[in-house]
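Engineer: I'd like to ask you about the structure that follows.
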Amino acid sequence: MSTIIGIDLGTTNSVAAVLGKNGPEIIPNAHGERLTPSVVGVDRDGQFLVGAAAKELQVVRPERCASLFKRHMGSNWGVSFGQHSFSPEELSSLVLKSLKQDAEAYLQRPVERAVITVPAYFNDQQRKATINAGRIAGLTVERIINEPTAAALAYGFHEAREDKVLLVFDLGGGTFDVSLVEIFDGVIEVKSSSGESWLGGEDFTRTLAARVLEKHGLAFERTEMDAPALVSRMIKQCEIAKCQLSRSETTTVRLANRQGNFDEDAPQIEISRRQFEEWTEHILRRIEPPIRRVLGDAGLDRRDIEEVILVGGATRMPAVISLVQQMFGKPPQKPPQS
């Protein structure tokens, strides 16, 4: 039987894995990295770029790149680069094809089958679009699996043979998915789900970039139109700063010029974790309504939740961890590799 791989097709990053002799193994990409940015671009010669190369191109030529297209899966949204037009499925297929090629290089054999994860709140049209993206990439999608189910499996709750009620809190780069999961006799069942396809770590990053620009007298929306390379560079810088503020109390961000480059005397601003959390408090508040909905749909109270598990890169932010702990009165379980 041919090899089957598992794929987490993420909004900002994607990853593939295979079940090896010692359990699941993350498949590194051509650069030796575990994560492949979910970014697609077209260079000046008309060649398609996927992953890190496309993300680098996005900084200097944002009009030639697309990202966050998972948010549009199953819709009529599209994007054009010169003479090329793409749907969300086609863009996703390019990411899937890149993961497929990396898997074949790593495993030294053809890969034609995959299981792909999707948010639990994805509707039938969005799930079909994901399957179609796999087909375009040359993959037979054997199964679409809900991300909270995959999270419960990753944490090994199904192996404990212990009945439990879990809340899976999945805040990724571009989407937020919260699900109430019940485990009974080793069977995992998603009882209720809610979330937002337009809420994730990217929103925290862009808000930080907007505030940094404001400090230098620039409006984010106007600058994005007039100097897109500057905004793209600042988004990249603020993504780094956001990650640093999860580990440190302060960091600095330099202001690029209109071409997206840094002058020798480029002005800079120091940002504290407290300041960042104040600037993004309005985003953090958007997390609570989906949690209330998922509990209400299941007819449960917060006190009924026995375990809260965190999934997604954005859950590494201290403010997110603190909010979840306050809401449920217990420390959440963090991602295994955090």
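Convention: chains lettered A, B, ... in structure tokens order; per-chain residue numbering from 1; ligands numbered from 1 as shown.
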Any idea what's packed within 10 Å of segment 227-239 of chain A, counting only C-alpha atoms, ignoring anything in its chain fewer than 3 positions away? Could you give it as an MDAnalysis selection string?

Structural biologist: chainID A and resid 55:63 201:202 204:210 212:213 220:224 242:244 252:262

Engineer: What is the distance between atom CA of Ile283 of chain A and atom CA of Asp203 of chain A, in Å to one decimal?

Structural biologist: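 Atom CA of Asp203 of chain A lies at a distance of 7.6 Å from atom CA of Ile283 of chain A.
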
Engineer: Write out as a VMD selection string all residues of segment 154-242 of chain A that DSSP puts in alpha helix (DSSP H) for this structure's backbone.

Structural biologist: chain A and resid 154 to 155 201 to 215 220 to 226 228 to 242

Engineer: Please identify all polymer residues within 10 Å of Val320 of chain A, counting only C-alpha atoms, omitting same-chain residues fewer than 4 positions from it, and present them as a ChimeraX atom specification.

Structural biologist: /A:171,277,284,287,310,314-316,324-326

Engineer: Please provide the set of residues having any atom within 6 Å of segment 139-142 of chain A, restricted to only C-alpha atoms, with same-chain residues fewer than 5 positions apart removed, written as a list in words.

Structural biologist: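 What passes the distance filter is Glu112, Arg113, Ala114, Val115 and Gly134 of chain A.
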
Engineer: Quick one: everything within 9 Å of Ala16 of chain A, counting only C-alpha atoms, minus sequence neighbours fewer than 6 positions away in the same chain. Send it as a PyMOL selection string.

Structural biologist: chain A and resi 5-9+25-29+34-35+99-100+102-103

Engineer: How many Å separate atom CA of Val190 of chain A from atom CA of Leu300 of chain A?

Structural biologist: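 These two atoms are separated by 13.6 Å.
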
Engineer: Using Å and a single decimal, report how far atom CA of Ile116 of chain A sits from atom CA of Glu104 of chain A.

Structural biologist: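 These atoms are spaced 16.8 Å apart.
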
Engineer: Can you tell me which residues surround Phe157 of chain A at a distance of at most 9 Å, considering only C-alpha atoms, apart from same-chain residues fewer than 6 positions away, and format the answer as a list in words?

Structural biologist: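 Close residues of Phe157 of chain A: Lys164, Ile183, Gly186 and Ile188 of chain A.
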
Engineer: Find the residues around segment 289-298 of chain A up to 7 Å (only C-alpha atoms counted), leave out those fewer than 5 positions away in its own chain, and share them as a compact mmCIF listing (two decimals) with C-alpha atoms, in the first residue's frame.

Structural biologist:
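Contents of around-v5.txt, freshly written:
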```txt
# COMPACT_ATOMS: atom_id res chain seq x y z
CA VAL A 178 -12.56 26.43 19.84
CA SER A 179 -14.14 23.01 20.29
CA LEU A 180 -15.61 21.01 23.11
CA LYS A 191 -19.63 17.94 20.73
CA SER A 192 -19.66 21.58 19.64
CA SER A 193 -17.44 24.04 17.81
CA SER A 194 -17.21 27.73 17.16
CA GLY A 195 -14.62 30.17 15.96
```

Engineer: Just asking: which residues within segment 31-257 of chain A are strand (DSSP E or B) according to DSSP, as an MDAnalysis selection string?

Structural biologist: chainID A and resid 36:37 39:42 48:50 65:67 79:81 84:86 111:118 140:146 164:171 176:184 187:196 250:254
